[in-house]
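One file, data.csv, is given below (CSV, C-alpha atoms and all ligand atoms).
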```csv
chain,number,residue,atom,x,y,z
A,1159,MET,CA,-72.0,118.7,-11.0
A,1160,ALA,CA,-69.9,116.7,-13.4
A,1161,ASP,CA,-72.9,116.5,-15.7
A,1162,PHE,CA,-73.6,120.2,-15.8
A,1163,ALA,CA,-72.1,121.1,-19.2
A,1164,ARG,CA,-73.0,117.8,-20.8
A,1165,VAL,CA,-76.8,117.8,-20.2
A,1166,ALA,CA,-78.8,119.7,-22.7
A,1167,LYS,CA,-80.7,122.6,-20.9
A,1168,ILE,CA,-83.0,125.4,-21.9
A,1169,ASP,CA,-83.1,128.7,-20.1
A,1170,ALA,CA,-86.7,129.6,-21.0
A,1171,HIS,CA,-86.5,133.2,-19.6
A,1172,VAL,CA,-83.7,135.6,-20.6
A,1173,HIS,CA,-83.7,139.1,-22.0
A,1174,LEU,CA,-80.8,139.4,-24.6
A,1175,HIS,CA,-80.1,142.7,-26.3
A,1176,GLY,CA,-77.5,143.6,-28.9
A,1177,SER,CA,-75.5,140.9,-30.6
A,1178,ALA,CA,-75.1,138.7,-27.4
A,1179,ASP,CA,-72.3,136.8,-29.1
A,1180,ARG,CA,-70.3,136.3,-25.9
A,1181,PHE,CA,-73.4,135.3,-24.0
A,1182,MET,CA,-74.3,132.7,-26.7
A,1183,ALA,CA,-70.7,131.4,-26.7
A,1184,GLN,CA,-71.0,130.8,-23.0
A,1185,ALA,CA,-74.4,129.2,-23.4
A,1186,GLU,CA,-73.0,126.8,-26.0
A,1187,ARG,CA,-70.1,125.8,-23.6
A,1188,ASP,CA,-72.6,125.2,-20.8
A,1189,GLY,CA,-75.1,123.3,-23.0
A,1190,VAL,CA,-77.8,125.9,-22.7
A,1191,ARG,CA,-80.4,126.9,-25.3
A,1192,VAL,CA,-82.4,130.0,-24.6
A,1193,LEU,CA,-85.8,131.7,-25.0
A,1194,THR,CA,-85.2,135.5,-25.1
A,1195,ILE,CA,-88.3,137.4,-24.2
A,1196,ASN,CA,-89.2,140.9,-25.3
A,1197,VAL,CA,-90.8,143.2,-22.8
A,1198,ASP,CA,-92.6,146.5,-22.8
A,1199,TYR,CA,-90.2,147.8,-20.1
A,1200,PRO,CA,-88.7,151.3,-20.2
A,1201,ASP,CA,-85.4,150.0,-18.8
A,1202,PHE,CA,-85.0,147.9,-21.9
A,1203,PRO,CA,-84.4,149.1,-25.5
A,1204,PRO,CA,-87.5,150.1,-27.5
A,1205,ILE,CA,-89.6,147.1,-28.5
A,1206,THR,CA,-88.8,147.5,-32.2
A,1207,GLU,CA,-85.1,147.2,-31.3
A,1208,GLN,CA,-85.6,144.2,-29.0
A,1209,GLN,CA,-87.6,142.5,-31.8
A,1210,ARG,CA,-84.9,143.2,-34.4
A,1211,ASP,CA,-82.2,141.8,-32.0
A,1212,ALA,CA,-84.3,138.7,-31.2
A,1213,ILE,CA,-85.0,137.9,-34.9
A,1214,SER,CA,-81.3,138.3,-35.7
A,1215,LEU,CA,-80.3,136.1,-32.7
A,1216,ARG,CA,-82.7,133.4,-33.8
A,1217,GLN,CA,-81.3,133.5,-37.3
A,1218,ARG,CA,-77.6,133.6,-36.2
A,1219,TYR,CA,-78.1,130.8,-33.6
A,1220,PRO,CA,-80.7,128.4,-35.2
A,1221,GLY,CA,-81.7,125.7,-32.8
A,1222,ARG,CA,-80.1,127.5,-29.9
A,1223,ALA,CA,-82.0,130.8,-29.5
A,1224,ALA,CA,-85.8,131.3,-29.8
A,1225,PHE,CA,-87.8,134.4,-28.9
A,1226,ALA,CA,-91.1,135.6,-27.6
A,1227,ALA,CA,-92.5,138.9,-28.8
A,1228,THR,CA,-94.5,141.5,-26.8
A,1229,ILE,CA,-97.2,144.1,-27.3
A,1230,SER,CA,-96.8,147.8,-26.7
A,1231,VAL,CA,-99.6,149.5,-24.7
A,1232,GLU,CA,-98.9,152.8,-26.4
A,1233,GLY,CA,-102.1,154.2,-27.7
A,1234,PHE,CA,-104.1,151.7,-25.7
A,1235,THR,CA,-107.1,154.0,-25.2
A,1236,SER,CA,-107.3,154.8,-28.9
A,1237,PRO,CA,-109.8,152.9,-31.1
A,1238,GLY,CA,-107.9,150.4,-33.2
A,1239,TRP,CA,-105.3,149.5,-30.6
A,1240,ALA,CA,-106.2,145.9,-30.4
A,1241,ASP,CA,-106.3,145.4,-34.2
A,1242,ALA,CA,-102.8,146.9,-34.4
A,1243,ALA,CA,-101.6,144.7,-31.6
A,1244,VAL,CA,-103.0,141.6,-33.3
A,1245,ARG,CA,-101.4,142.6,-36.6
A,1246,GLY,CA,-98.1,143.1,-34.7
A,1247,ILE,CA,-98.3,139.6,-33.2
A,1248,ALA,CA,-99.1,138.0,-36.5
A,1249,ALA,CA,-96.0,139.7,-38.0
A,1250,ALA,CA,-93.8,138.7,-35.1
A,1251,VAL,CA,-95.0,135.1,-35.4
A,1252,ALA,CA,-94.3,135.1,-39.1
A,1253,GLN,CA,-90.7,136.1,-38.2
A,1254,GLY,CA,-90.3,133.2,-35.7
A,1255,ALA,CA,-91.8,134.4,-32.4
A,1256,VAL,CA,-93.1,131.4,-30.3
A,1257,GLY,CA,-95.0,133.4,-27.7
A,1258,VAL,CA,-96.2,136.9,-26.6
A,1259,LYS,CA,-95.3,138.4,-23.3
A,1260,VAL,CA,-97.6,140.7,-21.2
A,1261,TRP,CA,-95.9,142.6,-18.4
A,1262,LYS,CA,-96.9,144.0,-15.0
A,1263,ASN,CA,-97.4,147.5,-16.6
A,1264,ILE,CA,-100.9,146.0,-17.3
A,1265,GLY,CA,-102.4,146.2,-13.8
A,1266,MET,CA,-99.7,148.4,-12.2
A,1267,GLY,CA,-99.0,151.2,-14.6
A,1268,LEU,CA,-101.3,151.6,-17.6
A,1269,ARG,CA,-104.2,154.0,-16.8
A,1270,ASP,CA,-107.4,154.9,-18.4
A,1271,ALA,CA,-108.3,158.5,-19.4
A,1272,GLY,CA,-110.3,158.5,-16.2
A,1273,GLY,CA,-107.2,157.5,-14.2
A,1274,GLY,CA,-108.3,153.9,-13.4
A,1275,TYR,CA,-105.8,151.1,-13.7
A,1276,VAL,CA,-106.2,148.8,-16.7
A,1277,MET,CA,-106.2,145.2,-15.5
A,1278,LEU,CA,-105.4,142.1,-17.4
A,1279,ASP,CA,-109.0,141.1,-17.8
A,1280,ASP,CA,-109.9,144.4,-19.4
A,1281,ALA,CA,-112.4,144.0,-22.3
A,1282,ARG,CA,-110.1,146.0,-24.6
A,1283,LEU,CA,-107.4,143.3,-24.3
A,1284,LEU,CA,-109.8,140.5,-25.1
A,1285,PRO,CA,-109.2,140.5,-28.9
A,1286,VAL,CA,-105.5,139.9,-28.2
A,1287,PHE,CA,-106.0,136.9,-25.9
A,1288,ASP,CA,-108.8,135.5,-28.2
A,1289,TYR,CA,-106.3,135.7,-31.1
A,1290,LEU,CA,-103.5,133.9,-29.1
A,1291,GLU,CA,-106.0,131.3,-28.0
A,1292,SER,CA,-107.4,130.6,-31.4
A,1293,HIS,CA,-103.9,130.5,-33.0
A,1294,ASP,CA,-102.4,128.3,-30.2
A,1295,ILE,CA,-99.7,131.0,-29.5
A,1296,VAL,CA,-98.4,130.9,-25.9
A,1297,LEU,CA,-99.1,133.9,-23.7
A,1298,LEU,CA,-96.3,134.7,-21.2
A,1299,GLY,CA,-97.7,136.6,-18.3
A,1300,HIS,CA,-95.8,138.6,-15.6
A,1301,GLN,CA,-98.6,140.0,-13.4
A,1302,ALA,CA,-98.0,141.6,-10.0
A,1303,GLU,CA,-94.7,141.2,-8.3
A,1304,PRO,CA,-93.3,139.1,-5.4
A,1305,LEU,CA,-95.5,139.5,-2.3
A,1306,ASN,CA,-92.4,141.2,-0.8
A,1307,CYS,CA,-93.3,144.2,-3.0
A,1308,TRP,CA,-96.3,144.9,-0.8
A,1309,LEU,CA,-94.3,144.6,2.5
A,1310,PRO,CA,-92.1,147.1,4.4
A,1311,PHE,CA,-88.4,146.5,3.8
A,1312,ASP,CA,-87.8,144.8,7.1
A,1313,GLN,CA,-90.4,142.2,6.4
A,1314,MET,CA,-89.2,141.2,3.0
A,1315,THR,CA,-87.8,137.6,2.9
A,1316,VAL,CA,-84.9,138.0,0.5
A,1317,LEU,CA,-82.3,140.7,-0.1
A,1318,SER,CA,-82.6,140.7,-3.9
A,1319,ASP,CA,-86.2,141.9,-3.6
A,1320,ARG,CA,-85.2,144.6,-1.0
A,1321,THR,CA,-82.5,145.7,-3.5
A,1322,TYR,CA,-84.8,145.7,-6.5
A,1323,PHE,CA,-87.5,147.8,-4.8
A,1324,ARG,CA,-85.0,150.2,-3.4
A,1325,GLU,CA,-83.7,150.7,-6.9
A,1326,HIS,CA,-87.2,150.8,-8.5
A,1327,PRO,CA,-89.4,152.8,-6.1
A,1328,GLN,CA,-91.9,153.3,-8.8
A,1329,TYR,CA,-92.7,149.5,-8.6
A,1330,TYR,CA,-92.6,149.3,-4.8
A,1331,MET,CA,-96.3,148.8,-4.1
A,1332,TYR,CA,-95.9,149.2,-0.3
A,1333,ARG,CA,-95.4,152.9,-1.1
A,1334,HIS,CA,-98.3,152.9,-3.7
A,1335,PRO,CA,-101.4,151.9,-2.0
A,1336,GLU,CA,-103.5,153.5,-4.7
A,1337,VAL,CA,-102.5,150.8,-7.2
A,1338,PRO,CA,-104.7,147.6,-7.2
A,1339,SER,CA,-103.4,145.1,-4.7
A,1340,HIS,CA,-101.4,141.9,-5.3
A,1341,GLU,CA,-104.6,139.9,-4.8
A,1342,ALA,CA,-106.5,142.1,-7.4
A,1343,GLN,CA,-103.6,141.7,-9.9
A,1344,LEU,CA,-103.8,137.9,-9.7
A,1345,ALA,CA,-107.6,137.9,-9.6
A,1346,ALA,CA,-107.7,139.8,-12.9
A,1347,ARG,CA,-105.2,137.3,-14.4
A,1348,ASP,CA,-107.1,134.3,-13.2
A,1349,HIS,CA,-110.3,135.8,-14.5
A,1350,MET,CA,-108.7,136.2,-17.9
A,1351,LEU,CA,-107.5,132.6,-17.8
A,1352,ALA,CA,-110.9,131.4,-16.9
A,1353,GLN,CA,-112.3,133.2,-19.9
A,1354,HIS,CA,-109.7,131.5,-22.2
A,1355,PRO,CA,-109.6,127.8,-21.2
A,1356,GLY,CA,-107.7,126.9,-24.4
A,1357,LEU,CA,-105.0,129.6,-24.0
A,1358,ARG,CA,-101.6,128.1,-23.3
A,1359,PHE,CA,-100.1,130.3,-20.6
A,1360,ASP,CA,-96.5,130.5,-19.3
A,1361,SER,CA,-97.0,132.1,-15.9
A,1362,VAL,CA,-93.5,133.4,-15.3
A,1363,HIS,CA,-91.9,134.0,-11.9
A,1364,LEU,CA,-93.8,131.2,-10.3
A,1365,ALA,CA,-97.1,132.9,-11.1
A,1366,SER,CA,-96.2,135.6,-8.5
A,1367,LEU,CA,-97.0,133.0,-5.9
A,1368,GLU,CA,-93.4,132.5,-5.0
A,1369,TRP,CA,-93.7,132.6,-1.2
A,1370,ASP,CA,-95.4,129.2,-0.9
A,1371,VAL,CA,-95.2,126.3,-3.3
A,1372,ASP,CA,-98.7,125.2,-2.1
A,1373,GLU,CA,-100.0,128.4,-3.6
A,1374,VAL,CA,-98.3,127.6,-6.9
A,1375,ALA,CA,-99.7,124.1,-6.8
A,1376,HIS,CA,-103.2,125.5,-6.3
A,1377,PHE,CA,-102.8,127.8,-9.3
A,1378,LEU,CA,-101.6,124.9,-11.5
A,1379,ASP,CA,-104.5,122.7,-10.4
A,1380,ARG,CA,-107.0,125.4,-11.4
A,1381,TYR,CA,-105.5,126.2,-14.8
A,1382,PRO,CA,-104.5,123.0,-16.6
A,1383,ASN,CA,-103.2,124.9,-19.6
A,1384,ALA,CA,-100.8,127.0,-17.5
A,1385,ASN,CA,-97.2,126.3,-16.6
A,1386,VAL,CA,-94.9,128.3,-14.4
A,1387,ASP,CA,-91.3,129.2,-14.7
A,1388,LEU,CA,-88.6,129.6,-12.0
A,1389,ALA,CA,-87.1,132.8,-13.4
A,1390,ALA,CA,-85.7,135.1,-10.7
A,1391,ARG,CA,-87.6,133.1,-8.1
A,1392,MET,CA,-85.2,130.2,-7.4
A,1393,VAL,CA,-84.2,132.2,-4.3
A,1394,HIS,CA,-87.8,131.9,-3.0
A,1395,LEU,CA,-87.6,128.1,-3.3
A,1396,GLN,CA,-84.3,128.2,-1.5
A,1397,TYR,CA,-85.7,130.4,1.2
A,1398,GLN,CA,-88.6,127.8,1.7
A,1399,ALA,CA,-86.0,125.0,1.6
A,1400,VAL,CA,-84.3,126.3,4.8
A,1401,ARG,CA,-87.3,125.2,6.8
A,1402,ASN,CA,-89.1,122.8,4.5
A,1403,ARG,CA,-86.9,121.3,1.8
A,1404,ASP,CA,-89.0,118.2,1.5
A,1405,LYS,CA,-92.1,120.2,0.7
A,1406,VAL,CA,-90.3,122.2,-2.1
A,1407,ARG,CA,-88.8,118.9,-3.5
A,1408,ALA,CA,-92.2,117.2,-3.4
A,1409,PHE,CA,-93.8,120.2,-5.3
A,1410,LEU,CA,-91.2,119.9,-8.1
A,1411,ILE,CA,-91.7,116.2,-8.3
A,1412,ARG,CA,-95.5,116.4,-8.3
A,1413,TYR,CA,-95.5,119.2,-10.9
A,1414,GLN,CA,-92.6,117.9,-12.9
A,1415,ASP,CA,-94.5,118.4,-16.2
A,1416,ARG,CA,-95.5,122.0,-15.4
A,1417,VAL,CA,-92.4,123.8,-14.4
A,1418,LEU,CA,-89.9,125.5,-16.8
A,1419,TYR,CA,-86.3,126.4,-15.9
A,1420,GLY,CA,-85.4,130.1,-16.4
A,1421,THR,CA,-83.1,132.7,-14.9
A,1422,ASP,CA,-84.3,136.2,-16.0
A,1423,ILE,CA,-80.7,137.0,-16.9
A,1424,ALA,CA,-80.8,140.2,-18.9
A,1425,HIS,CA,-78.5,142.7,-20.6
A,1426,ALA,CA,-79.1,145.7,-18.5
A,1427,ARG,CA,-78.7,149.1,-20.2
A,1428,GLY,CA,-75.0,149.7,-21.0
A,1429,GLN,CA,-73.9,146.3,-19.5
A,1430,ALA,CA,-71.1,144.5,-21.3
A,1431,ASP,CA,-72.1,141.2,-23.0
A,1432,GLU,CA,-69.0,139.6,-21.4
A,1433,GLU,CA,-70.2,140.5,-17.9
A,1434,VAL,CA,-73.7,139.1,-18.6
A,1435,ALA,CA,-72.1,135.9,-19.9
A,1436,VAL,CA,-70.2,135.5,-16.7
A,1437,GLU,CA,-73.3,136.2,-14.6
A,1438,ALA,CA,-75.3,133.7,-16.6
A,1439,HIS,CA,-72.6,131.0,-16.2
A,1440,GLU,CA,-72.6,131.5,-12.4
A,1441,ALA,CA,-76.4,131.5,-12.2
A,1442,TRP,CA,-76.7,128.3,-14.3
A,1443,LEU,CA,-74.1,126.5,-12.2
A,1444,ALA,CA,-75.6,127.6,-8.9
A,1445,ASP,CA,-79.1,126.6,-10.0
A,1446,TRP,CA,-77.8,123.2,-11.2
A,1447,ARG,CA,-76.2,122.6,-7.8
A,1448,PHE,CA,-79.4,123.5,-6.0
A,1449,LEU,CA,-81.7,121.3,-8.1
A,1450,ASN,CA,-79.4,118.4,-8.8
A,1451,THR,CA,-77.2,117.8,-5.7
A,1452,ALA,CA,-77.8,117.4,-2.0
A,1453,ASP,CA,-75.0,119.8,-1.1
A,1454,THR,CA,-75.5,122.1,1.9
A,1455,LEU,CA,-75.8,125.6,0.5
A,1456,HIS,CA,-76.4,129.1,1.5
A,1457,SER,CA,-77.5,132.2,-0.3
A,1458,PRO,CA,-76.3,135.8,0.1
A,1459,ASP,CA,-80.1,136.7,0.1
A,1460,PHE,CA,-81.0,135.4,3.5
A,1461,ASP,CA,-79.6,133.7,6.7
A,1462,GLY,CA,-79.5,130.0,7.2
A,1463,THR,CA,-78.5,127.0,5.1
A,1464,PHE,CA,-80.4,124.7,3.0
A,1465,LYS,CA,-79.8,121.4,1.2
A,1466,GLY,CA,-79.9,120.9,-2.6
A,1467,LEU,CA,-83.0,119.2,-3.9
A,1468,ALA,CA,-81.2,116.3,-5.6
A,1469,LEU,CA,-84.0,115.8,-8.1
A,1470,PRO,CA,-84.0,112.5,-10.1
A,1471,ALA,CA,-82.3,113.0,-13.5
A,1472,ALA,CA,-85.5,112.3,-15.4
A,1473,ILE,CA,-87.3,115.0,-13.6
A,1474,ALA,CA,-84.5,117.5,-13.9
A,1475,ASP,CA,-84.6,116.8,-17.7
A,1476,LYS,CA,-88.2,117.8,-17.8
A,1477,ILE,CA,-87.8,121.0,-15.9
A,1478,TYR,CA,-84.6,121.9,-17.7
A,1479,ARG,CA,-85.6,121.0,-21.3
A,1480,ILE,CA,-88.5,118.7,-22.1
A,1481,ASN,CA,-91.3,120.9,-20.7
A,1482,ALA,CA,-90.0,124.0,-22.6
A,1483,MET,CA,-89.8,122.0,-25.8
A,1484,LYS,CA,-93.4,120.8,-25.3
A,1485,MET,CA,-94.6,124.3,-24.5
A,1486,TYR,CA,-92.8,125.8,-27.5
A,1487,PRO,CA,-92.7,123.1,-30.1
A,1488,GLY,CA,-90.4,124.0,-33.0
A,1489,ALA,CA,-88.7,126.7,-31.0
A,1490,TRP,CA,-85.3,125.0,-31.0
A,1491,PRO,CA,-85.2,122.8,-34.1
A,1492,PRO,CA,-82.5,120.3,-34.1
A,1493,SER,CA,-79.6,121.6,-36.2
A,1494,ASP,CA,-77.4,118.5,-36.1
A,1495,GLY,CA,-77.5,114.8,-35.3
A,1496,ALA,CA,-76.5,115.3,-31.6
A,1497,ARG,CA,-79.3,117.7,-31.0
A,1498,ALA,CA,-81.8,115.6,-32.9
A,1499,ALA,CA,-80.9,112.7,-30.5
A,1500,ALA,CA,-81.7,115.1,-27.5
A,1501,THR,CA,-85.1,116.0,-28.9
A,1502,PRO,CA,-87.9,114.3,-26.8
B,1601,ZN,ZN,-88.0,138.6,-17.1
```
Show this structure as structure tokens.
Ligand SMILES: [Zn+2]
Amino acid sequence: MADFARVAKIDAHVHLHGSADRFMAQAERDGVRVLTINVDYPDFPPITEQQRDAISLRQRYPGRAAFAATISVEGFTSPGWADAAVRGIAAAVAQGAVGVKVWKNIGMGLRDAGGGYVMLDDARLLPVFDYLESHDIVLLGHQAEPLNCWLPFDQMTVLSDRTYFREHPQYYMYRHPEVPSHEAQLAARDHMLAQHPGLRFDSVHLASLEWDVDEVAHFLDRYPNANVDLAARMVHLQYQAVRNRDKVRAFLIRYQDRVLYGTDIAHARGQADEEVAVEAHEAWLADWRFLNTADTLHSPDFDGTFKGLALPAAIADKIYRINAMKMYPGAWPPSDGARAAATP
């Protein structure tokens, strides 16, 4: 724990809105650089506003804040949608975006004129993925949800999922059997990836295979250009560590080059920047303790105790920084000698 603030880290999955100055001050104190990700999510500000904030953040915190853009599905069924999406991506990249996020609304929300759900491997999305692949731009994909989303409340493994789906009943798929299944969501994603072998893919939230590290391993084995991030799914690793700490630890060691650290910390609508800064600090500390120490820990999310994973420092460095810098080269340019020394 004594190393925490001293070791350079990247939180490769946050959603910052507004000026975020308090958040960034905390990040600097804690030795954290960030990737803020724009999302086509109605709970967040409009995409144009997210993008304006992200561009400003990158300019005000050079070398410390990078961003990923997103595409809006508005007008998806109109001819010309894909062309406009590609133009939007090119413009965002010209302003510094290092990736493009697609969200679970594709697969779980967006409908055709005929009422059918548009899945990630839909032919109308192809020009977008072709463009990203040919321009070596990372696609960040959040498809499906934790498996808990398809289970009754009393069978969910962790409290945070129970809380989220109570608060977001529209995304609670156990109550929406008409929406394509978890399996169908991931099959569409995997089909799209198989069609784009050169596409670099950041499969966020442990690729929505969070319930078993063996499933994540199988995904990574099948798609060599894909990585996963830990955002908002550390709790699922901890849950597995209660019974099977060695398996979780072995997974991170075996896939040490394929896993990115991230929290999913976000400015919720109306939430004070100061409050988010405190939340982030606590999350960064708690995650650091879990990954780097052998302390006996417990989580408010489930019963039982688990031990920290005590990863070797060289592996922690990859998960915390080096893998993100490789996936997003140039995202965090060194802005002084100290940071230059920390660049892999
Ligand atoms: Zn997120």
Counting all atoms listed in the file, which residues of chain A sit at most 8 Å from some atom of ligand ZN 1601 (chain B), and what is each one's closest atom pair with its distance in Å to one decimal, listed by chain and rising residue number, as a Markdown table?
```
| residue | atom | partner | partner_atom | distance |
| --- | --- | --- | --- | --- |
| A:His1171 | CA | B:ZN1601 | ZN | 6.1 |
| A:Val1172 | CA | B:ZN1601 | ZN | 6.3 |
| A:His1173 | CA | B:ZN1601 | ZN | 6.5 |
| A:Ile1195 | CA | B:ZN1601 | ZN | 7.2 |
| A:Val1197 | CA | B:ZN1601 | ZN | 7.8 |
| A:His1300 | CA | B:ZN1601 | ZN | 7.9 |
| A:Val1362 | CA | B:ZN1601 | ZN | 7.8 |
| A:His1363 | CA | B:ZN1601 | ZN | 8.0 |
| A:Ala1389 | CA | B:ZN1601 | ZN | 6.9 |
| A:Ala1390 | CA | B:ZN1601 | ZN | 7.6 |
| A:Thr1421 | CA | B:ZN1601 | ZN | 8.0 |
| A:Asp1422 | CA | B:ZN1601 | ZN | 4.5 |
| A:Ile1423 | CA | B:ZN1601 | ZN | 7.5 |
| A:Ala1424 | CA | B:ZN1601 | ZN | 7.6 |
```
| task | For region 1284-1286 of chain A, list every protein, DNA or RNA residue within 12 Å, evaluated using only C-alpha atoms, and leave out those in the same chain fewer than 6 positions away; present the list as a PyMOL selection string. | result | chain A and resi 1228-1231+1238-1248+1258-1260+1277-1278+1292-1293+1295-1297+1349-1351+1353-1354+1357
Write out the residues from the selection above, keeping C-alpha atoms, as a PDB file, keeping the file's coordinate frame.
```pdb
ATOM      1  CA  THR A1228     -94.500 141.500 -26.800  1.00  0.00           C
ATOM      2  CA  ILE A1229     -97.200 144.100 -27.300  1.00  0.00           C
ATOM      3  CA  SER A1230     -96.800 147.800 -26.700  1.00  0.00           C
ATOM      4  CA  VAL A1231     -99.600 149.500 -24.700  1.00  0.00           C
ATOM      5  CA  GLY A1238    -107.900 150.400 -33.200  1.00  0.00           C
ATOM      6  CA  TRP A1239    -105.300 149.500 -30.600  1.00  0.00           C
ATOM      7  CA  ALA A1240    -106.200 145.900 -30.400  1.00  0.00           C
ATOM      8  CA  ASP A1241    -106.300 145.400 -34.200  1.00  0.00           C
ATOM      9  CA  ALA A1242    -102.800 146.900 -34.400  1.00  0.00           C
ATOM     10  CA  ALA A1243    -101.600 144.700 -31.600  1.00  0.00           C
ATOM     11  CA  VAL A1244    -103.000 141.600 -33.300  1.00  0.00           C
ATOM     12  CA  ARG A1245    -101.400 142.600 -36.600  1.00  0.00           C
ATOM     13  CA  GLY A1246     -98.100 143.100 -34.700  1.00  0.00           C
ATOM     14  CA  ILE A1247     -98.300 139.600 -33.200  1.00  0.00           C
ATOM     15  CA  ALA A1248     -99.100 138.000 -36.500  1.00  0.00           C
ATOM     16  CA  VAL A1258     -96.200 136.900 -26.600  1.00  0.00           C
ATOM     17  CA  LYS A1259     -95.300 138.400 -23.300  1.00  0.00           C
ATOM     18  CA  VAL A1260     -97.600 140.700 -21.200  1.00  0.00           C
ATOM     19  CA  MET A1277    -106.200 145.200 -15.500  1.00  0.00           C
ATOM     20  CA  LEU A1278    -105.400 142.100 -17.400  1.00  0.00           C
ATOM     21  CA  SER A1292    -107.400 130.600 -31.400  1.00  0.00           C
ATOM     22  CA  HIS A1293    -103.900 130.500 -33.000  1.00  0.00           C
ATOM     23  CA  ILE A1295     -99.700 131.000 -29.500  1.00  0.00           C
ATOM     24  CA  VAL A1296     -98.400 130.900 -25.900  1.00  0.00           C
ATOM     25  CA  LEU A1297     -99.100 133.900 -23.700  1.00  0.00           C
ATOM     26  CA  HIS A1349    -110.300 135.800 -14.500  1.00  0.00           C
ATOM     27  CA  MET A1350    -108.700 136.200 -17.900  1.00  0.00           C
ATOM     28  CA  LEU A1351    -107.500 132.600 -17.800  1.00  0.00           C
ATOM     29  CA  GLN A1353    -112.300 133.200 -19.900  1.00  0.00           C
ATOM     30  CA  HIS A1354    -109.700 131.500 -22.200  1.00  0.00           C
ATOM     31  CA  LEU A1357    -105.000 129.600 -24.000  1.00  0.00           C
TER      32      LEU A1357
END
```
Please tabulate, as JSON lines, the residues of region 1353-1438 of chain A that come within 9 Å of region 1458-1472 of chain A, each with its closest pair of atoms and the distance in Å to one decimal, counting only C-alpha atoms and ordering rows by chain, then residue number upward.
```
{"residue": "A:Val1393", "atom": "CA", "partner": "A:Asp1459", "partner_atom": "CA", "distance": 7.5}
{"residue": "A:Gln1396", "atom": "CA", "partner": "A:Phe1464", "partner_atom": "CA", "distance": 6.9}
{"residue": "A:Tyr1397", "atom": "CA", "partner": "A:Phe1460", "partner_atom": "CA", "distance": 7.2}
{"residue": "A:Gln1398", "atom": "CA", "partner": "A:Phe1464", "partner_atom": "CA", "distance": 8.9}
{"residue": "A:Ala1399", "atom": "CA", "partner": "A:Phe1464", "partner_atom": "CA", "distance": 5.8}
{"residue": "A:Val1400", "atom": "CA", "partner": "A:Phe1464", "partner_atom": "CA", "distance": 4.6}
{"residue": "A:Arg1401", "atom": "CA", "partner": "A:Phe1464", "partner_atom": "CA", "distance": 7.9}
{"residue": "A:Arg1403", "atom": "CA", "partner": "A:Lys1465", "partner_atom": "CA", "distance": 7.1}
{"residue": "A:Asp1404", "atom": "CA", "partner": "A:Leu1467", "partner_atom": "CA", "distance": 8.1}
{"residue": "A:Val1406", "atom": "CA", "partner": "A:Leu1467", "partner_atom": "CA", "distance": 8.1}
{"residue": "A:Arg1407", "atom": "CA", "partner": "A:Leu1467", "partner_atom": "CA", "distance": 5.8}
{"residue": "A:Leu1410", "atom": "CA", "partner": "A:Leu1469", "partner_atom": "CA", "distance": 8.3}
{"residue": "A:Ile1411", "atom": "CA", "partner": "A:Leu1469", "partner_atom": "CA", "distance": 7.7}
```
| Do you have the CA of Ser1318 (chain A)-CA of Asp1387 (chain A) distance handy? |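 CA of Asp1387 (chain A) lies 18.0 Å from CA of Ser1318 (chain A).
Here CA of Thr1206 (chain A) is placed at a distance of 25.0 Å from CA of Pro1491 (chain A).
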Contacts of Asp1270 (chain A) at 9 Å (only C-alpha atoms; same-chain gap of 6+ positions) as an mmCIF file with C-alpha atoms, in the coordinates of the input:
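Ended up saving to around26.cif:
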```
data_model
loop_
_atom_site.group_PDB
_atom_site.id
_atom_site.type_symbol
_atom_site.label_atom_id
_atom_site.label_comp_id
_atom_site.auth_asym_id
_atom_site.auth_seq_id
_atom_site.Cartn_x
_atom_site.Cartn_y
_atom_site.Cartn_z
ATOM 1 C CA PHE A 1234 -104.100 151.700 -25.700
ATOM 2 C CA THR A 1235 -107.100 154.000 -25.200
ATOM 3 C CA VAL A 1276 -106.200 148.800 -16.700
#
```
| field | Atomic separation - CA of Arg1333 (chain A) relative to CA of Ala1302 (chain A), Å | value |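 We find that CA of Ala1302 (chain A) and CA of Arg1333 (chain A) lie 14.6 Å from each other.
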As an mmCIF file, keeping the file's coordinate frame, please: region 1432-1438 of chain A completed to N, CA and C atoms.
```cif
data_model
loop_
_atom_site.group_PDB
_atom_site.id
_atom_site.type_symbol
_atom_site.label_atom_id
_atom_site.label_comp_id
_atom_site.auth_asym_id
_atom_site.auth_seq_id
_atom_site.Cartn_x
_atom_site.Cartn_y
_atom_site.Cartn_z
ATOM 1 N N GLU A 1432 -69.955 140.479 -22.150
ATOM 2 C CA GLU A 1432 -69.000 139.600 -21.400
ATOM 3 C C GLU A 1432 -69.456 139.405 -19.971
ATOM 4 N N GLU A 1433 -69.830 140.536 -19.357
ATOM 5 C CA GLU A 1433 -70.200 140.500 -17.900
ATOM 6 C C GLU A 1433 -71.515 139.689 -17.759
ATOM 7 N N VAL A 1434 -72.440 139.847 -18.675
ATOM 8 C CA VAL A 1434 -73.700 139.100 -18.600
ATOM 9 C C VAL A 1434 -73.431 137.605 -18.805
ATOM 10 N N ALA A 1435 -72.494 137.289 -19.693
ATOM 11 C CA ALA A 1435 -72.100 135.900 -19.900
ATOM 12 C C ALA A 1435 -71.590 135.249 -18.651
ATOM 13 N N VAL A 1436 -70.759 135.982 -17.928
ATOM 14 C CA VAL A 1436 -70.200 135.500 -16.700
ATOM 15 C C VAL A 1436 -71.300 135.284 -15.631
ATOM 16 N N GLU A 1437 -72.176 136.277 -15.542
ATOM 17 C CA GLU A 1437 -73.300 136.200 -14.600
ATOM 18 C C GLU A 1437 -74.182 134.977 -14.907
ATOM 19 N N ALA A 1438 -74.437 134.772 -16.192
ATOM 20 C CA ALA A 1438 -75.300 133.700 -16.600
ATOM 21 C C ALA A 1438 -74.640 132.334 -16.217
#
```
